[in-house]
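*Asks:* This one is entry.tsv, TSV, C-alpha atoms.
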chain	number	residue	atom	x	y	z
G	1	MET	CA	-23.51	86.90	114.91
G	2	LYS	CA	-25.59	85.75	117.82
G	3	ARG	CA	-23.11	85.06	120.59
G	4	LEU	CA	-24.65	85.03	124.05
G	5	ARG	CA	-23.43	87.60	126.53
G	6	ALA	CA	-22.76	86.73	130.14
G	7	LEU	CA	-22.32	88.92	133.22
G	8	LEU	CA	-18.85	89.64	134.57
G	9	CYS	CA	-18.21	87.27	137.42
G	10	GLY	CA	-15.62	86.34	140.03
G	11	ALA	CA	-13.05	83.58	140.10
G	12	ALA	CA	-14.34	81.59	143.05
G	13	THR	CA	-13.43	78.24	141.55
G	14	ALA	CA	-9.94	79.22	140.35
G	15	ALA	CA	-8.09	77.47	143.17
G	16	LEU	CA	-10.01	74.25	142.68
G	17	ALA	CA	-9.44	74.43	138.93
G	18	THR	CA	-5.70	74.94	139.47
G	19	ALA	CA	-5.54	71.92	141.75
G	20	GLY	CA	-7.41	69.88	139.20
G	21	LEU	CA	-5.09	70.62	136.28
G	22	ALA	CA	-2.56	67.93	137.16
G	23	ALA	CA	-5.29	65.33	137.54
G	24	PHE	CA	-6.87	66.21	134.22
G	25	ALA	CA	-3.49	66.23	132.49
G	26	ALA	CA	-2.66	62.82	133.95
G	27	GLN	CA	-5.98	61.44	132.76
G	28	GLN	CA	-5.29	62.84	129.30
G	29	ALA	CA	-1.79	61.32	129.25
G	30	SER	CA	-3.09	57.95	130.42
G	31	GLY	CA	-5.16	57.57	127.28
G	32	ALA	CA	-8.47	59.26	127.99
G	33	SER	CA	-8.52	60.50	124.39
G	34	ALA	CA	-7.41	57.25	122.79
G	35	ASP	CA	-10.83	56.66	121.23
G	36	ALA	CA	-11.05	60.09	119.61
G	37	THR	CA	-10.80	60.25	115.84
G	38	ALA	CA	-7.46	61.70	114.84
G	39	LEU	CA	-7.40	63.78	111.67
G	40	SER	CA	-4.49	65.55	110.01
G	41	ASN	CA	-3.71	69.08	111.15
G	42	ARG	CA	-4.88	70.29	107.75
G	43	TRP	CA	-8.44	69.23	108.62
G	44	TYR	CA	-8.40	71.01	111.98
G	45	ALA	CA	-7.05	74.06	110.14
G	46	ALA	CA	-9.99	73.89	107.72
G	47	ALA	CA	-12.77	73.37	110.29
G	48	PRO	CA	-15.58	75.96	109.89
G	49	TYR	CA	-17.40	77.26	112.96
G	50	LEU	CA	-20.63	75.59	114.04
G	51	MET	CA	-22.83	76.67	116.96
G	52	PRO	CA	-24.34	73.45	118.34
G	53	HIS	CA	-26.75	75.24	120.71
G	54	ASP	CA	-27.85	78.31	118.79
G	55	ASN	CA	-28.69	79.81	115.37
G	56	ASN	CA	-30.74	76.83	114.17
G	57	PRO	CA	-27.88	74.29	114.18
G	58	PRO	CA	-27.64	72.31	110.94
G	59	ASP	CA	-27.09	68.56	110.89
G	60	ALA	CA	-23.33	68.01	110.79
G	61	GLY	CA	-23.73	64.58	109.21
G	62	ALA	CA	-25.71	66.04	106.31
G	63	ILE	CA	-22.97	68.60	105.70
G	64	MET	CA	-20.35	65.85	105.74
G	65	ASP	CA	-22.31	63.81	103.19
G	66	ALA	CA	-22.90	66.78	100.89
G	67	THR	CA	-19.41	68.32	100.95
G	68	GLY	CA	-16.85	65.81	102.18
G	69	LEU	CA	-16.14	68.02	105.22
G	70	LYS	CA	-14.63	66.14	108.17
G	71	ALA	CA	-13.86	68.75	110.83
G	72	PHE	CA	-16.01	71.25	112.73
G	73	GLN	CA	-15.09	74.17	115.02
G	74	LEU	CA	-17.71	74.09	117.81
G	75	ALA	CA	-18.41	77.48	119.41
G	76	PHE	CA	-18.32	78.98	122.03
G	77	LEU	CA	-17.04	78.16	125.50
G	78	LEU	CA	-17.51	80.93	128.06
G	79	ALA	CA	-17.46	81.52	131.79
G	80	PRO	CA	-20.75	80.75	133.60
G	81	SER	CA	-23.22	83.62	133.44
G	82	GLY	CA	-23.70	83.24	137.19
G	83	GLY	CA	-19.97	83.56	137.92
G	84	GLY	CA	-17.05	81.20	138.34
G	85	CYS	CA	-14.13	79.58	136.55
G	86	SER	CA	-15.70	76.52	134.96
G	87	PRO	CA	-16.41	76.01	131.25
G	88	THR	CA	-19.92	76.38	129.86
G	89	TRP	CA	-21.42	76.43	126.39
G	90	ASP	CA	-22.56	80.00	125.65
G	91	GLY	CA	-22.32	80.81	129.36
G	92	THR	CA	-25.40	78.73	130.18
G	93	SER	CA	-24.75	74.99	129.68
G	94	PRO	CA	-22.05	73.49	131.93
G	95	VAL	CA	-19.60	71.24	130.16
G	96	SER	CA	-19.49	68.99	133.22
G	97	SER	CA	-23.11	67.88	132.73
G	98	ASP	CA	-23.34	68.24	128.96
G	99	THR	CA	-24.79	65.45	126.85
G	100	ALA	CA	-26.13	67.42	123.87
G	101	VAL	CA	-22.80	68.58	122.43
G	102	ALA	CA	-21.23	65.24	123.31
G	103	SER	CA	-23.90	63.58	121.17
G	104	VAL	CA	-23.08	65.88	118.23
G	105	ILE	CA	-19.39	65.05	118.57
G	106	SER	CA	-20.09	61.32	118.72
G	107	ALA	CA	-22.19	61.50	115.55
G	108	ILE	CA	-19.43	63.37	113.71
G	109	ARG	CA	-16.79	60.89	114.82
G	110	ALA	CA	-19.00	57.96	113.86
G	111	LYS	CA	-18.80	59.26	110.28
G	112	GLY	CA	-15.01	59.55	110.37
G	113	GLY	CA	-14.80	63.22	111.35
G	114	ASP	CA	-13.70	65.17	114.40
G	115	VAL	CA	-14.07	68.54	116.14
G	116	SER	CA	-12.11	71.40	117.55
G	117	VAL	CA	-13.65	73.61	120.23
G	118	SER	CA	-13.48	77.41	120.22
G	119	VAL	CA	-13.23	79.41	123.42
G	120	GLY	CA	-14.20	83.06	123.66
G	121	GLY	CA	-15.77	84.72	120.64
G	122	TYR	CA	-17.45	88.12	120.44
G	123	GLY	CA	-19.22	89.28	123.58
G	124	GLY	CA	-20.00	87.33	126.72
G	125	THR	CA	-17.70	86.78	129.68
G	126	LYS	CA	-14.59	84.74	128.96
G	127	LEU	CA	-12.78	82.39	131.31
G	128	GLY	CA	-9.64	84.50	130.99
G	129	GLN	CA	-11.60	87.32	132.61
G	130	THR	CA	-12.99	85.32	135.54
G	131	CYS	CA	-10.25	82.83	136.33
G	132	SER	CA	-7.53	84.13	138.64
G	133	ASP	CA	-4.48	83.21	136.57
G	134	ALA	CA	-3.24	81.21	133.59
G	135	ALA	CA	-3.10	77.92	135.52
G	136	SER	CA	-6.74	78.06	136.62
G	137	THR	CA	-7.80	79.12	133.14
G	138	ALA	CA	-5.91	76.15	131.70
G	139	ALA	CA	-7.51	73.83	134.25
G	140	ALA	CA	-10.97	74.91	133.09
G	141	TYR	CA	-10.10	74.25	129.46
G	142	GLN	CA	-8.44	70.94	130.33
G	143	GLN	CA	-11.82	69.73	131.57
G	144	VAL	CA	-13.15	70.30	128.04
G	145	ILE	CA	-10.19	68.61	126.34
G	146	THR	CA	-10.51	65.60	128.61
G	147	LYS	CA	-14.30	65.24	128.42
G	148	TYR	CA	-14.48	65.49	124.64
G	149	GLN	CA	-11.09	63.86	123.93
G	150	LEU	CA	-10.04	66.86	121.89
G	151	LYS	CA	-7.14	66.99	119.47
G	152	ALA	CA	-7.59	70.69	118.68
G	153	ILE	CA	-8.64	73.93	120.37
G	154	ASP	CA	-9.15	77.51	119.16
G	155	PHE	CA	-8.68	80.68	121.23
G	156	ASP	CA	-10.96	83.34	119.75
G	157	LEU	CA	-9.62	86.46	121.44
G	158	GLU	CA	-11.64	89.56	120.61
G	159	GLU	CA	-14.15	91.98	122.10
G	160	PRO	CA	-14.29	92.74	124.93
G	161	GLU	CA	-11.67	90.37	126.34
G	162	TYR	CA	-8.71	91.37	124.22
G	163	GLU	CA	-8.88	94.89	125.68
G	164	ASN	CA	-8.18	93.37	129.12
G	165	THR	CA	-4.43	92.89	129.57
G	166	ALA	CA	-4.76	90.46	132.48
G	167	ALA	CA	-7.38	88.36	130.68
G	168	ILE	CA	-5.21	88.03	127.57
G	169	ALA	CA	-2.24	87.04	129.72
G	170	HIS	CA	-4.42	84.33	131.30
G	171	GLU	CA	-5.63	83.05	127.91
G	172	ILE	CA	-2.19	83.00	126.27
G	173	GLY	CA	-0.69	81.41	129.38
G	174	ALA	CA	-3.45	78.80	129.42
G	175	ALA	CA	-2.88	78.02	125.73
G	176	LYS	CA	0.81	77.49	126.43
G	177	ILE	CA	0.07	75.16	129.37
G	178	LEU	CA	-2.42	73.13	127.32
G	179	GLN	CA	0.06	72.86	124.47
G	180	GLN	CA	2.69	71.51	126.87
G	181	ASN	CA	0.38	69.10	128.71
G	182	ASN	CA	-1.37	67.71	125.61
G	183	PRO	CA	1.34	66.70	123.12
G	184	GLY	CA	0.18	67.11	119.54
G	185	LEU	CA	-2.74	69.39	120.43
G	186	TYR	CA	-3.55	71.68	117.47
G	187	VAL	CA	-3.84	75.25	118.82
G	188	SER	CA	-5.12	78.23	116.84
G	189	VAL	CA	-5.44	81.80	118.08
G	190	THR	CA	-8.02	83.95	116.29
G	191	THR	CA	-8.36	87.72	116.58
G	192	ALA	CA	-9.84	90.74	114.82
G	193	GLY	CA	-8.55	91.84	111.43
G	194	THR	CA	-8.02	95.38	110.13
G	195	ALA	CA	-6.83	96.78	106.83
G	196	ASP	CA	-3.35	96.98	108.38
G	197	GLY	CA	-3.54	93.33	109.45
G	198	THR	CA	-4.71	93.64	113.02
G	199	GLY	CA	-5.27	96.54	115.40
G	200	TRP	CA	-3.52	97.74	118.53
G	201	PHE	CA	-5.08	95.12	120.80
G	202	GLY	CA	-4.27	92.34	118.35
G	203	LYS	CA	-0.66	93.47	118.28
G	204	GLN	CA	-0.54	93.55	122.08
G	205	MET	CA	-1.85	89.97	122.10
G	206	LEU	CA	0.99	88.94	119.78
G	207	ASN	CA	3.48	90.70	122.05
G	208	GLU	CA	2.05	88.81	125.04
G	209	ALA	CA	2.56	85.52	123.20
G	210	LYS	CA	6.12	86.51	122.38
G	211	SER	CA	6.86	87.49	125.98
G	212	GLN	CA	5.55	84.13	127.22
G	213	GLY	CA	7.46	82.16	124.57
G	214	PHE	CA	4.23	80.75	123.14
G	215	THR	CA	3.84	79.81	119.48
G	216	PRO	CA	0.53	78.21	118.41
G	217	ASN	CA	-0.01	76.40	115.13
G	218	ASN	CA	-1.31	79.69	113.78
G	219	PHE	CA	-2.44	83.21	114.52
G	220	SER	CA	-5.57	83.87	112.45
G	221	ILE	CA	-7.22	87.18	111.66
G	222	MET	CA	-10.87	87.83	110.81
G	223	PRO	CA	-10.87	90.35	107.93
G	224	PHE	CA	-14.53	91.36	108.13
G	225	ASP	CA	-16.63	93.86	110.09
G	226	GLY	CA	-13.86	96.40	109.66
G	227	GLY	CA	-14.47	98.20	106.38
G	228	PHE	CA	-13.73	95.21	104.16
G	229	ASN	CA	-15.70	94.29	101.08
G	230	GLY	CA	-14.58	91.45	98.85
G	231	ALA	CA	-11.44	89.38	98.51
G	232	ALA	CA	-8.96	92.08	97.50
G	233	ALA	CA	-9.34	93.88	100.83
G	234	GLN	CA	-8.94	90.58	102.68
G	235	THR	CA	-5.80	89.40	100.89
G	236	SER	CA	-4.26	92.84	101.41
G	237	ALA	CA	-4.92	92.53	105.15
G	238	LEU	CA	-3.39	89.03	105.17
G	239	THR	CA	-0.25	90.39	103.49
G	240	ASN	CA	-0.03	93.17	106.09
G	241	PHE	CA	-0.60	90.73	108.93
G	242	ASN	CA	2.25	88.61	107.60
G	243	SER	CA	4.54	91.62	107.99
G	244	ILE	CA	3.35	92.07	111.58
G	245	LEU	CA	4.15	88.44	112.38
G	246	GLN	CA	7.61	88.87	110.85
G	247	SER	CA	8.41	92.00	112.84
G	248	THR	CA	6.98	90.61	116.11
G	249	PHE	CA	8.61	87.19	116.10
G	250	GLY	CA	11.62	87.74	113.86
G	251	TRP	CA	10.33	85.28	111.26
G	252	ASP	CA	10.93	85.43	107.53
G	253	ALA	CA	7.87	85.71	105.27
G	254	ALA	CA	7.58	81.96	104.64
G	255	THR	CA	7.73	81.12	108.34
G	256	ALA	CA	5.16	83.80	109.09
G	257	TYR	CA	2.79	82.43	106.44
G	258	ALA	CA	3.25	78.94	107.87
G	259	HIS	CA	1.90	80.35	111.18
G	260	GLU	CA	-0.83	82.53	109.65
G	261	GLY	CA	-4.53	81.82	109.26
G	262	PHE	CA	-7.66	83.28	107.70
G	263	SER	CA	-11.10	83.27	109.35
G	264	GLY	CA	-13.75	84.81	107.11
G	265	MET	CA	-17.48	85.44	107.23
G	266	ASN	CA	-19.59	83.98	104.46
G	267	GLY	CA	-22.18	86.14	102.73
G	268	ARG	CA	-23.28	89.42	104.32
G	269	SER	CA	-21.28	90.47	107.37
G	270	ASP	CA	-22.59	92.18	110.50
G	271	THR	CA	-21.65	95.58	109.04
G	272	GLY	CA	-23.07	94.96	105.55
G	273	GLU	CA	-19.93	93.82	103.75
G	274	TYR	CA	-20.37	91.07	101.16
G	275	PHE	CA	-18.19	88.00	100.68
G	276	ARG	CA	-19.51	85.69	97.99
G	277	GLN	CA	-18.29	82.38	96.64
G	278	ALA	CA	-15.87	84.03	94.22
G	279	ASP	CA	-14.31	85.97	97.10
G	280	PHE	CA	-13.77	82.77	99.06
G	281	GLN	CA	-12.11	81.18	96.04
G	282	THR	CA	-9.75	84.14	95.66
G	283	VAL	CA	-8.73	84.07	99.33
G	284	LEU	CA	-8.38	80.28	99.17
G	285	ASP	CA	-6.02	80.64	96.21
G	286	TYR	CA	-4.01	83.21	98.19
G	287	ALA	CA	-3.89	80.99	101.28
G	288	THR	CA	-2.76	77.89	99.42
G	289	SER	CA	-0.24	79.67	97.19
G	290	HIS	CA	1.36	81.29	100.26
G	291	HIS	CA	1.26	78.01	102.21
G	292	MET	CA	-0.83	79.48	105.02
G	293	ASP	CA	-1.75	77.23	107.93
G	294	ARG	CA	-5.49	77.85	108.31
G	295	PHE	CA	-8.62	78.68	106.28
G	296	THR	CA	-11.96	78.77	108.09
G	297	PHE	CA	-15.13	80.86	108.32
G	298	TRP	CA	-18.07	81.96	110.43
G	299	SER	CA	-20.27	79.98	110.11
G	300	LEU	CA	-21.87	76.72	108.99
G	301	ASN	CA	-25.11	77.88	110.64
G	302	ARG	CA	-25.14	80.62	107.97
G	303	ASP	CA	-24.05	78.43	105.02
G	304	ARG	CA	-27.49	78.24	103.39
G	305	GLN	CA	-29.69	80.59	101.38
G	306	CYS	CA	-32.16	82.96	102.99
G	307	THR	CA	-35.72	83.56	101.77
G	308	PRO	CA	-35.58	85.87	99.89
G	309	PRO	CA	-31.92	85.20	98.99
G	310	ASP	CA	-30.74	88.67	100.09
G	311	ASN	CA	-32.77	88.47	103.32
G	312	ASN	CA	-34.08	91.97	102.53
G	313	GLY	CA	-30.60	93.41	102.98
G	314	GLN	CA	-30.23	92.09	106.54
G	315	THR	CA	-27.58	89.91	108.17
G	316	SER	CA	-28.73	86.63	109.69
G	317	GLY	CA	-27.21	84.06	112.02
G	318	THR	CA	-28.96	81.23	110.17
G	319	CYS	CA	-28.40	82.05	106.46
G	320	SER	CA	-25.89	83.97	104.34
G	321	SER	CA	-28.01	86.71	102.70
G	322	VAL	CA	-26.47	85.89	99.30
G	323	ALA	CA	-27.60	83.52	96.56
G	324	GLN	CA	-26.16	80.07	97.15
G	325	SER	CA	-26.79	76.37	97.43
G	326	ASP	CA	-26.59	74.80	100.88
G	327	TRP	CA	-23.01	74.37	102.10
G	328	ASP	CA	-21.37	76.19	99.18
G	329	PHE	CA	-18.88	77.86	101.50
G	330	ALA	CA	-18.01	74.67	103.39
G	331	LYS	CA	-16.61	73.30	100.15
G	332	TYR	CA	-13.81	75.87	100.20
G	333	SER	CA	-12.69	74.49	103.57
G	334	VAL	CA	-12.74	71.01	102.05
G	335	LYS	CA	-10.53	72.23	99.20
G	336	PHE	CA	-8.11	73.79	101.69
G	337	ALA	CA	-7.84	70.43	103.44
G	338	GLY	CA	-6.73	68.97	100.12
G	339	VAL	CA	-9.88	67.10	99.15
G	340	THR	CA	-12.15	67.56	96.12
G	341	PRO	CA	-15.77	68.14	97.20
G	342	PRO	CA	-18.52	66.04	95.60
G	343	THR	CA	-19.64	67.39	92.23
G	344	THR	CA	-22.73	69.59	92.44
G	345	THR	CA	-24.39	72.32	90.42
G	346	PRO	CA	-21.96	75.26	90.11
G	347	PRO	CA	-22.83	78.12	92.49
G	348	THR	CA	-23.28	80.53	89.56
G	349	THR	CA	-26.21	78.47	88.25
G	350	PRO	CA	-29.55	79.80	89.57
G	351	PRO	CA	-31.57	77.40	91.72
G	352	PRO	CA	-34.56	75.72	90.03
G	353	GLY	CA	-37.57	77.95	89.55
G	354	GLY	CA	-40.03	75.39	90.84
G	355	SER	CA	-43.55	76.24	89.73
G	356	CYS	CA	-42.54	79.68	88.44
G	357	THR	CA	-44.10	80.64	85.11
G	358	ALA	CA	-41.54	83.35	84.26
G	359	ALA	CA	-38.42	82.27	82.40
G	360	ALA	CA	-35.40	81.41	84.56
G	361	TRP	CA	-32.92	84.25	85.11
G	362	SER	CA	-29.81	84.07	82.90
G	363	SER	CA	-26.51	85.79	83.67
G	364	SER	CA	-25.93	86.46	79.96
G	365	ALA	CA	-29.35	87.88	79.10
G	366	VAL	CA	-30.14	91.60	78.91
G	367	TYR	CA	-33.26	92.72	80.81
G	368	THR	CA	-35.12	96.03	80.68
G	369	ALA	CA	-37.68	97.64	82.99
G	370	GLY	CA	-40.69	95.41	83.50
G	371	ASN	CA	-39.09	92.12	82.43
G	372	THR	CA	-39.82	89.27	84.85
G	373	VAL	CA	-37.71	86.22	85.65
G	374	SER	CA	-37.77	83.32	88.09
G	375	TYR	CA	-34.90	82.67	90.50
G	376	GLY	CA	-34.70	80.72	93.74
G	377	GLY	CA	-38.37	79.77	93.63
G	378	ARG	CA	-39.43	83.45	93.45
G	379	THR	CA	-40.50	85.84	90.71
G	380	TRP	CA	-38.49	89.03	90.11
G	381	LYS	CA	-39.20	92.15	88.00
G	382	ALA	CA	-36.46	94.37	86.57
G	383	LYS	CA	-36.67	98.05	87.55
G	384	TRP	CA	-34.34	99.17	84.78
G	385	TRP	CA	-31.79	97.84	82.28
G	386	THR	CA	-29.58	95.12	83.73
G	387	GLN	CA	-27.27	92.28	82.82
G	388	ASN	CA	-25.53	89.73	85.07
G	389	GLU	CA	-26.98	91.15	88.29
G	390	THR	CA	-28.25	88.21	90.32
G	391	PRO	CA	-31.77	88.72	91.70
G	392	GLY	CA	-31.85	89.31	95.44
G	393	THR	CA	-28.16	89.99	96.03
G	394	THR	CA	-27.84	93.76	95.74
G	395	GLY	CA	-29.94	94.90	98.70
G	396	GLU	CA	-32.00	98.08	99.00
G	397	TRP	CA	-30.88	99.63	95.70
G	398	GLY	CA	-31.02	96.39	93.73
G	399	VAL	CA	-32.35	96.35	90.19
G	400	TRP	CA	-34.70	93.44	90.90
G	401	GLN	CA	-38.04	93.79	92.65
G	402	ASP	CA	-39.10	90.65	94.52
G	403	LEU	CA	-42.67	89.75	93.51
G	404	GLY	CA	-42.85	86.86	95.96
G	405	ALA	CA	-42.76	83.09	95.89
G	406	CYS	CA	-44.00	81.31	92.80
Mind turning this structure into structure tokens?
*Replies:*
Amino acid sequence: MKRLRALLCGAATAALATAGLAAFAAQQASGASADATALSNRWYAAAPYLMPHDNNPPDAGAIMDATGLKAFQLAFLLAPSGGGCSPTWDGTSPVSSDTAVASVISAIRAKGGDVSVSVGGYGGTKLGQTCSDAASTAAAYQQVITKYQLKAIDFDLEEPEYENTAAIAHEIGAAKILQQNNPGLYVSVTTAGTADGTGWFGKQMLNEAKSQGFTPNNFSIMPFDGGFNGAAAQTSALTNFNSILQSTFGWDAATAYAHEGFSGMNGRSDTGEYFRQADFQTVLDYATSHHMDRFTFWSLNRDRQCTPPDNNGQTSGTCSSVAQSDWDFAKYSVKFAGVTPPTTTPPTTPPPGGSCTAAAWSSSAVYTAGNTVSYGGRTWKAKWWTQNETPGTTGEWGVWQDLGAC
């Protein structure tokens, strides 16, 4: 994932931000967000991540038209790279003077959708690290809520911030203040996932929330980049995380699931794990059958096919590195929200071969060494006997040799 890193900086504006919190809260209460599109919580819970400034941002309106998606999780808000306690996009674009992201939000709302905003993410300097306390951190985020008339916000608490006890206390405290000062605000907290559910720092974050008496709409884990591969490992982690929520907050299993979320990564992860469409369907079935609160993924920027489809066994910020049609993964978020996506060609059907002269690849056919097929506008040659192995999806040791575009 390409998430810009910023330098550690001081909290010179913390006092001003603290003083401004009451004013921003009053503006919010007086109706500053009255014009914002209001969606159901289920839509905010289903919003996939979209980077509006980086990783070749796709057109949100086109995704909405193709999939029925209505909500987007815009990422990421960080502290300024030059220091301070004011919100910026990716550490470089101040929210106070922003027009680009505001334009994206307006276009989404004009089509009947809405956005949540995610703070933090992997890498970079977070506001919880640079602001002096929870109140000044909340004041910085309140500027964002007020400017964009937000109904939802996500706290993505991970490396390196969640290893900083003071920073996590600031973030959790800020989330609690925002929840109190913005009635109805949908708040999610996202953190790293492990096979056991979440690691030591994730558990300490939950303990901090408990000690502050803060309960968001959900605590979500990201079961990828940690030795996962496929849906079974992810659903096992979600089951284990449910037990952690029970033991931490004294909830029964049903209550814990009602406050639990999943945040996946579509296609090839940063560490070479693979999560294909079938894996998303399996986790979606788990999430809905257990009445979980959230189902999202990183990211819409990646929800399109690479060229070649497996991206030569590499992970990209702009495509998934697995065979797919554009926005295949977004449709699982739409299903979680309770809507049926528009009918399209099933993801298991190979894309058209274009001007290819070789016969189209078939999942049921048997191929032997030297056989050629067309798939995804490219020609492929089998290295040995194979059946039902999609060209371009098995990486370095794959059976198919890419002969190039037709």
*Asks:* Can you check which parts of region 183-245 of chain G lie within 12 Å of region 130-154 of chain G? Per residue, the shortest pair of atoms and distance in Å to one decimal, counting all atoms listed in the file, sorted by chain and number, as a tab-separated table.
*Replies:*
residue	atom	partner	partner_atom	distance
G:Pro183	CA	G:Lys151	CA	9.2
G:Gly184	CA	G:Lys151	CA	7.3
G:Leu185	CA	G:Lys151	CA	5.1
G:Tyr186	CA	G:Ala152	CA	4.3
G:Val187	CA	G:Ile153	CA	5.2
G:Ser188	CA	G:Asp154	CA	4.7
G:Val189	CA	G:Asp154	CA	5.8
G:Thr190	CA	G:Asp154	CA	7.1
G:Thr191	CA	G:Asp154	CA	10.6
G:Gln212	CA	G:Ala134	CA	11.2
G:Pro216	CA	G:Asp154	CA	9.7
G:Asn217	CA	G:Asp154	CA	10.1
G:Asn218	CA	G:Asp154	CA	9.8
G:Phe219	CA	G:Asp154	CA	10.0
G:Ser220	CA	G:Asp154	CA	9.9
*Asks:* Can you pull out the residues contacting Leu300 (chain G)? Cut-off 10 Å, using only C-alpha atoms, and skip same-chain residues under 4 positions away; I want them as a list in words.
*Replies:*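 Within the cut-off, the hits are Ala47, Pro48, Tyr49, Leu50, Met51, Asn55, Pro57, Pro58, Asp59, Ala60, Ile63, Phe72, Gln73, Met265, Asn266, Arg304, Gly317, Thr318, Cys319, Ser320, Asp326, Trp327, Asp328, Phe329 and Ala330 of chain G.
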*Asks:* Can you spit out the residues from that selection as a PDB file, in the coordinates of the input, using C-alpha atoms?
*Replies:*
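File again10.pdb, as written:
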ATOM      1  CA  ALA G  47     -12.770  73.370 110.290  1.00  0.00           C
ATOM      2  CA  PRO G  48     -15.580  75.960 109.890  1.00  0.00           C
ATOM      3  CA  TYR G  49     -17.400  77.260 112.960  1.00  0.00           C
ATOM      4  CA  LEU G  50     -20.630  75.590 114.040  1.00  0.00           C
ATOM      5  CA  MET G  51     -22.830  76.670 116.960  1.00  0.00           C
ATOM      6  CA  ASN G  55     -28.690  79.810 115.370  1.00  0.00           C
ATOM      7  CA  PRO G  57     -27.880  74.290 114.180  1.00  0.00           C
ATOM      8  CA  PRO G  58     -27.640  72.310 110.940  1.00  0.00           C
ATOM      9  CA  ASP G  59     -27.090  68.560 110.890  1.00  0.00           C
ATOM     10  CA  ALA G  60     -23.330  68.010 110.790  1.00  0.00           C
ATOM     11  CA  ILE G  63     -22.970  68.600 105.700  1.00  0.00           C
ATOM     12  CA  PHE G  72     -16.010  71.250 112.730  1.00  0.00           C
ATOM     13  CA  GLN G  73     -15.090  74.170 115.020  1.00  0.00           C
ATOM     14  CA  MET G 265     -17.480  85.440 107.230  1.00  0.00           C
ATOM     15  CA  ASN G 266     -19.590  83.980 104.460  1.00  0.00           C
ATOM     16  CA  ARG G 304     -27.490  78.240 103.390  1.00  0.00           C
ATOM     17  CA  GLY G 317     -27.210  84.060 112.020  1.00  0.00           C
ATOM     18  CA  THR G 318     -28.960  81.230 110.170  1.00  0.00           C
ATOM     19  CA  CYS G 319     -28.400  82.050 106.460  1.00  0.00           C
ATOM     20  CA  SER G 320     -25.890  83.970 104.340  1.00  0.00           C
ATOM     21  CA  ASP G 326     -26.590  74.800 100.880  1.00  0.00           C
ATOM     22  CA  TRP G 327     -23.010  74.370 102.100  1.00  0.00           C
ATOM     23  CA  ASP G 328     -21.370  76.190  99.180  1.00  0.00           C
ATOM     24  CA  PHE G 329     -18.880  77.860 101.500  1.00  0.00           C
ATOM     25  CA  ALA G 330     -18.010  74.670 103.390  1.00  0.00           C
TER      26      ALA G 330
END
*Asks:* In Å, rounded to a single decimal, give me how far CA of Gly68 (chain G) is from CA of Pro342 (chain G).
*Replies:*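 For CA of Pro342 (chain G) relative to CA of Gly68 (chain G), the distance reads 6.8 Å.
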*Asks:* How many Å separate CA of Gly61 (chain G) from CA of Pro341 (chain G)?
*Replies:*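 Taking CA of Gly61 (chain G) as the start and CA of Pro341 (chain G) as the end point, the length is 14.8 Å.
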*Asks:* Could you check which of G:Tyr332, G:Phe201, G:Trp385, G:Tyr257 is closest to Ala278 (chain G), using all atoms listed in the file?
*Replies:*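 Going through G:Tyr332, G:Phe201, G:Trp385, G:Tyr257 one by one, the smallest distance to Ala278 (chain G) is for G:Tyr332.
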*Asks:* Mind completing region 298-305 of chain G with N, CA, C and O atoms? Output as a PDB file, in the frame of the given file, please?
*Replies:*
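The result, stored in result-v7.pdb:
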ATOM      1  N   TRP G 298     -16.904  81.852 109.562  1.00  0.00           N
ATOM      2  CA  TRP G 298     -18.070  81.960 110.430  1.00  0.00           C
ATOM      3  C   TRP G 298     -19.295  82.187 109.539  1.00  0.00           C
ATOM      4  O   TRP G 298     -19.408  83.241 108.931  1.00  0.00           O
ATOM      5  N   SER G 299     -20.243  81.254 109.436  1.00  0.00           N
ATOM      6  CA  SER G 299     -20.270  79.980 110.110  1.00  0.00           C
ATOM      7  C   SER G 299     -21.082  79.004 109.265  1.00  0.00           C
ATOM      8  O   SER G 299     -21.775  79.400 108.318  1.00  0.00           O
ATOM      9  N   LEU G 300     -21.049  77.725 109.656  1.00  0.00           N
ATOM     10  CA  LEU G 300     -21.870  76.720 108.990  1.00  0.00           C
ATOM     11  C   LEU G 300     -23.362  76.950 109.243  1.00  0.00           C
ATOM     12  O   LEU G 300     -24.201  76.598 108.416  1.00  0.00           O
ATOM     13  N   ASN G 301     -23.701  77.544 110.368  1.00  0.00           N
ATOM     14  CA  ASN G 301     -25.110  77.880 110.640  1.00  0.00           C
ATOM     15  C   ASN G 301     -25.649  78.836 109.577  1.00  0.00           C
ATOM     16  O   ASN G 301     -26.845  78.878 109.308  1.00  0.00           O
ATOM     17  N   ARG G 302     -24.752  79.611 108.960  1.00  0.00           N
ATOM     18  CA  ARG G 302     -25.140  80.620 107.970  1.00  0.00           C
ATOM     19  C   ARG G 302     -24.938  80.120 106.529  1.00  0.00           C
ATOM     20  O   ARG G 302     -25.216  80.857 105.578  1.00  0.00           O
ATOM     21  N   ASP G 303     -24.429  78.900 106.359  1.00  0.00           N
ATOM     22  CA  ASP G 303     -24.050  78.430 105.020  1.00  0.00           C
ATOM     23  C   ASP G 303     -25.247  77.834 104.270  1.00  0.00           C
ATOM     24  O   ASP G 303     -25.244  76.674 103.859  1.00  0.00           O
ATOM     25  N   ARG G 304     -26.282  78.643 104.108  1.00  0.00           N
ATOM     26  CA  ARG G 304     -27.490  78.240 103.390  1.00  0.00           C
ATOM     27  C   ARG G 304     -28.211  79.522 102.962  1.00  0.00           C
ATOM     28  O   ARG G 304     -27.981  80.596 103.527  1.00  0.00           O
ATOM     29  N   GLN G 305     -29.056  79.407 101.967  1.00  0.00           N
ATOM     30  CA  GLN G 305     -29.690  80.590 101.380  1.00  0.00           C
ATOM     31  C   GLN G 305     -30.886  81.049 102.202  1.00  0.00           C
ATOM     32  O   GLN G 305     -31.657  80.246 102.709  1.00  0.00           O
TER      33      GLN G 305
END
